[in-house]
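The block underneath contains the structure these notes are about, expressed in structure tokens.
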Amino acid sequence: MSNLTYQTLRAQRKINPATVNILVVEDHDASRRMILELLRGAGFTRLLPARSAEEAIGFLTSHNPDLMLLDWELPGMSGVELVLSLRRAAVEEDPRFLNPKMPVLMLTGRQKSQDVTHARNCGVDEFVIKPFSTAGLLKAVLATLTRKRNFVVSANYIGPCRRRKTHTTYQGVLRRIDDIEQSADNVQREIFQQTLSVELNSLRVLMQARGGLDKKLLDYMVGRIMHAEKRAHALRLRLIEQATHSLNDYAVALGEDTDPEVVDIHIDTLTRLNTIDLADHREATKTVQHLERLVSKRKKHRKLTA
């Protein structure tokens, strides 16, 4: 059974998708159709498509949906402006919004801290960062529908409580630990690791085609791996950072005497780090330590033979 199917079946124990009204607000036609088809495939049949915030308000008034999936970037009124107006109706009566507490799932390609913090403070329940997987989107939809949050009205904030249940020292409505920034970081990590895998495979193909490492290819490799090391550091992927540093250290130390076999071992290790669960710290750490011992041994041998 696929993870997607399992999530759907588990959620159906708590909700009946066929009875849930979902408003999908997305101005991009292909994206909107894709989201609608995904939801239909998961059993949601009461779907309301809208191309703008203004069109969405019409559905909010006439249908009172159970959930709104909302794109940030919309023509005219933006997604966050719509959410802010919706939440304000909890304290300022507005006939357009029958349910100011309606859960809102924001779809956005924005990942800067100030952007997501602003949207969060406007009262968004959950976020899905673009580009998203079908499983990731459905998981967020089901979580929003089944994990109801308390609704908070205060002088500075109106919206769902941001507290995590496990955070026992909670002291305020916006105390929930940087969940949106963390979500953006996770997407950036995934994109980086996918890109690194492609570059590593390309490097291996070039080495095979040229029968080894010439100066031009060596310079290219060092430049790309140095960039990867910096990105891994910025994304707090410590073990990938160590592995890229190991390869850079070796290539810089040996220059044109760099052994393609050692490079190949690094490529294998980095590829493995990109596929194994880095939460399994013991296995990943042992893999990187093996690399570091190999490089240390080769550098010592180089000094002895120089």
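So you can find residues: chains in the structure tokens are A, B, ... in the order shown, residues in each start at 1, and ligands are numbered from 1 in order.
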Interface rows for stretch 48-115 of chain A against stretch 15-31 of chain A: nearest pair, Å to one decimal, 7 Å, only C-alpha atoms, as JSON lines:
{"residue": "A:Leu48", "atom": "CA", "partner": "A:Leu23", "partner_atom": "CA", "distance": 4.6}
{"residue": "A:Pro49", "atom": "CA", "partner": "A:Val24", "partner_atom": "CA", "distance": 5.0}
{"residue": "A:Ala50", "atom": "CA", "partner": "A:Val25", "partner_atom": "CA", "distance": 4.7}
{"residue": "A:Arg51", "atom": "CA", "partner": "A:Asp27", "partner_atom": "CA", "distance": 4.2}
{"residue": "A:Ser52", "atom": "CA", "partner": "A:Asp27", "partner_atom": "CA", "distance": 6.0}
{"residue": "A:Ala56", "atom": "CA", "partner": "A:Val25", "partner_atom": "CA", "distance": 6.5}
{"residue": "A:Pro65", "atom": "CA", "partner": "A:Asn21", "partner_atom": "CA", "distance": 4.9}
{"residue": "A:Asp66", "atom": "CA", "partner": "A:Asn21", "partner_atom": "CA", "distance": 5.2}
{"residue": "A:Leu67", "atom": "CA", "partner": "A:Ile22", "partner_atom": "CA", "distance": 4.9}
{"residue": "A:Met68", "atom": "CA", "partner": "A:Leu23", "partner_atom": "CA", "distance": 4.7}
{"residue": "A:Leu69", "atom": "CA", "partner": "A:Val24", "partner_atom": "CA", "distance": 4.8}
{"residue": "A:Leu70", "atom": "CA", "partner": "A:Val25", "partner_atom": "CA", "distance": 4.8}
{"residue": "A:Asp71", "atom": "CA", "partner": "A:Glu26", "partner_atom": "CA", "distance": 5.3}
{"residue": "A:Leu74", "atom": "CA", "partner": "A:Asp27", "partner_atom": "CA", "distance": 6.2}
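Here the strand (DSSP E or B) residues in stretch 101-276 of chain A, by DSSP on the backbone, are Val104, Leu105, Met106, Leu107, Thr108, Glu126, Phe127, Val128, Ile129, Phe151, Val152, Val153, Ile158, Gly159 and Pro160 of chain A.
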Could you write those residues out with all heavy atoms, as a CSV table (one decimal), in the first residue's frame?
chain,number,residue,atom,x,y,z
A,104,VAL,N,-7.4,27.4,6.8
A,104,VAL,CA,-6.8,27.9,5.5
A,104,VAL,C,-5.5,27.2,5.3
A,104,VAL,O,-4.6,27.3,6.2
A,104,VAL,CB,-6.7,29.4,5.5
A,104,VAL,CG1,-6.0,29.9,4.2
A,104,VAL,CG2,-8.0,30.1,5.7
A,105,LEU,N,-5.3,26.6,4.2
A,105,LEU,CA,-4.0,26.0,3.8
A,105,LEU,C,-3.4,26.9,2.7
A,105,LEU,O,-4.0,27.0,1.6
A,105,LEU,CB,-4.2,24.6,3.4
A,105,LEU,CG,-3.0,23.8,2.8
A,105,LEU,CD1,-1.9,23.7,3.9
A,105,LEU,CD2,-3.5,22.4,2.4
A,106,MET,N,-2.3,27.5,3.0
A,106,MET,CA,-1.7,28.4,2.0
A,106,MET,C,-0.7,27.7,1.1
A,106,MET,O,0.2,26.9,1.6
A,106,MET,CB,-0.9,29.5,2.8
A,106,MET,CG,-0.1,30.5,1.9
A,106,MET,SD,-1.2,31.5,0.9
A,106,MET,CE,-1.8,32.7,2.1
A,107,LEU,N,-0.8,27.9,-0.2
A,107,LEU,CA,0.2,27.4,-1.1
A,107,LEU,C,1.1,28.5,-1.6
A,107,LEU,O,0.6,29.6,-2.0
A,107,LEU,CB,-0.6,26.8,-2.4
A,107,LEU,CG,-1.7,25.8,-2.1
A,107,LEU,CD1,-2.4,25.5,-3.4
A,107,LEU,CD2,-1.2,24.6,-1.4
A,108,THR,N,2.4,28.4,-1.4
A,108,THR,CA,3.3,29.5,-1.7
A,108,THR,C,4.6,29.0,-2.1
A,108,THR,O,5.1,28.0,-1.7
A,108,THR,CB,3.4,30.4,-0.5
A,108,THR,OG1,4.3,31.4,-0.8
A,108,THR,CG2,3.9,29.6,0.7
A,126,GLU,N,-2.0,26.3,7.9
A,126,GLU,CA,-0.9,25.4,7.5
A,126,GLU,C,-0.3,25.9,6.2
A,126,GLU,O,-1.0,26.7,5.4
A,126,GLU,CB,-1.3,24.0,7.3
A,126,GLU,CG,-1.8,23.3,8.6
A,126,GLU,CD,-0.7,23.0,9.5
A,126,GLU,OE1,0.5,23.1,9.2
A,126,GLU,OE2,-1.0,22.7,10.7
A,127,PHE,N,0.9,25.5,5.8
A,127,PHE,CA,1.6,26.0,4.6
A,127,PHE,C,2.0,24.7,3.8
A,127,PHE,O,2.5,23.7,4.4
A,127,PHE,CB,2.8,26.8,4.9
A,127,PHE,CG,2.5,28.2,5.4
A,127,PHE,CD1,2.0,28.4,6.7
A,127,PHE,CD2,2.6,29.3,4.6
A,127,PHE,CE1,1.7,29.6,7.2
A,127,PHE,CE2,2.3,30.6,5.1
A,127,PHE,CZ,1.9,30.7,6.4
A,128,VAL,N,2.0,24.8,2.5
A,128,VAL,CA,2.6,23.9,1.6
A,128,VAL,C,3.5,24.7,0.7
A,128,VAL,O,3.0,25.6,0.0
A,128,VAL,CB,1.6,23.1,0.8
A,128,VAL,CG1,2.4,22.2,-0.3
A,128,VAL,CG2,0.8,22.2,1.7
A,129,ILE,N,4.8,24.4,0.7
A,129,ILE,CA,5.8,25.2,-0.1
A,129,ILE,C,5.9,24.6,-1.5
A,129,ILE,O,6.1,23.4,-1.6
A,129,ILE,CB,7.2,25.2,0.6
A,129,ILE,CG1,7.0,25.7,2.1
A,129,ILE,CG2,8.1,26.1,-0.1
A,129,ILE,CD1,6.6,27.1,2.3
A,151,PHE,N,-9.0,28.6,18.3
A,151,PHE,CA,-9.0,29.9,17.6
A,151,PHE,C,-8.7,31.0,18.7
A,151,PHE,O,-9.3,31.0,19.7
A,151,PHE,CB,-10.3,30.1,16.9
A,151,PHE,CG,-10.3,31.2,15.9
A,151,PHE,CD1,-9.8,31.0,14.7
A,151,PHE,CD2,-10.8,32.5,16.2
A,151,PHE,CE1,-9.7,32.0,13.7
A,151,PHE,CE2,-10.7,33.5,15.3
A,151,PHE,CZ,-10.2,33.3,14.0
A,152,VAL,N,-7.8,31.9,18.3
A,152,VAL,CA,-7.3,32.9,19.3
A,152,VAL,C,-7.7,34.3,18.8
A,152,VAL,O,-7.6,34.6,17.6
A,152,VAL,CB,-5.8,32.8,19.4
A,152,VAL,CG1,-5.3,34.0,20.3
A,152,VAL,CG2,-5.3,31.5,20.0
A,153,VAL,N,-8.3,35.1,19.6
A,153,VAL,CA,-8.6,36.5,19.3
A,153,VAL,C,-7.9,37.3,20.4
A,153,VAL,O,-8.2,37.2,21.6
A,153,VAL,CB,-10.1,36.7,19.4
A,153,VAL,CG1,-10.4,38.2,19.1
A,153,VAL,CG2,-10.8,35.9,18.3
A,158,ILE,N,-5.4,37.4,15.3
A,158,ILE,CA,-6.6,36.7,15.2
A,158,ILE,C,-6.4,35.5,14.3
A,158,ILE,O,-5.9,35.7,13.1
A,158,ILE,CB,-7.7,37.6,14.6
A,158,ILE,CG1,-7.9,38.8,15.4
A,158,ILE,CG2,-9.0,36.8,14.5
A,158,ILE,CD1,-8.9,39.8,14.8
A,159,GLY,N,-6.6,34.3,14.8
A,159,GLY,CA,-6.3,33.1,14.0
A,159,GLY,C,-6.1,31.9,14.8
A,159,GLY,O,-6.3,31.9,16.0
A,160,PRO,N,-5.7,30.8,14.1
A,160,PRO,CA,-5.4,29.5,14.8
A,160,PRO,C,-4.3,29.6,15.8
A,160,PRO,O,-3.3,30.3,15.5
A,160,PRO,CB,-5.1,28.6,13.7
A,160,PRO,CG,-4.6,29.4,12.6
A,160,PRO,CD,-5.3,30.7,12.7
Item to complete: Mind listing the helix (DSSP H, G or I) residues of stretch 11-54 of chain A, per DSSP on the backbone, as number ranges by chain?
Response: A: 11-12, 17-19, 29-41, 53-54
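Nearest residue to A:Ala89 among A:Pro131, A:Gly123, A:Gly76, A:Gly58 is A:Gly123, counting only C-alpha atoms.
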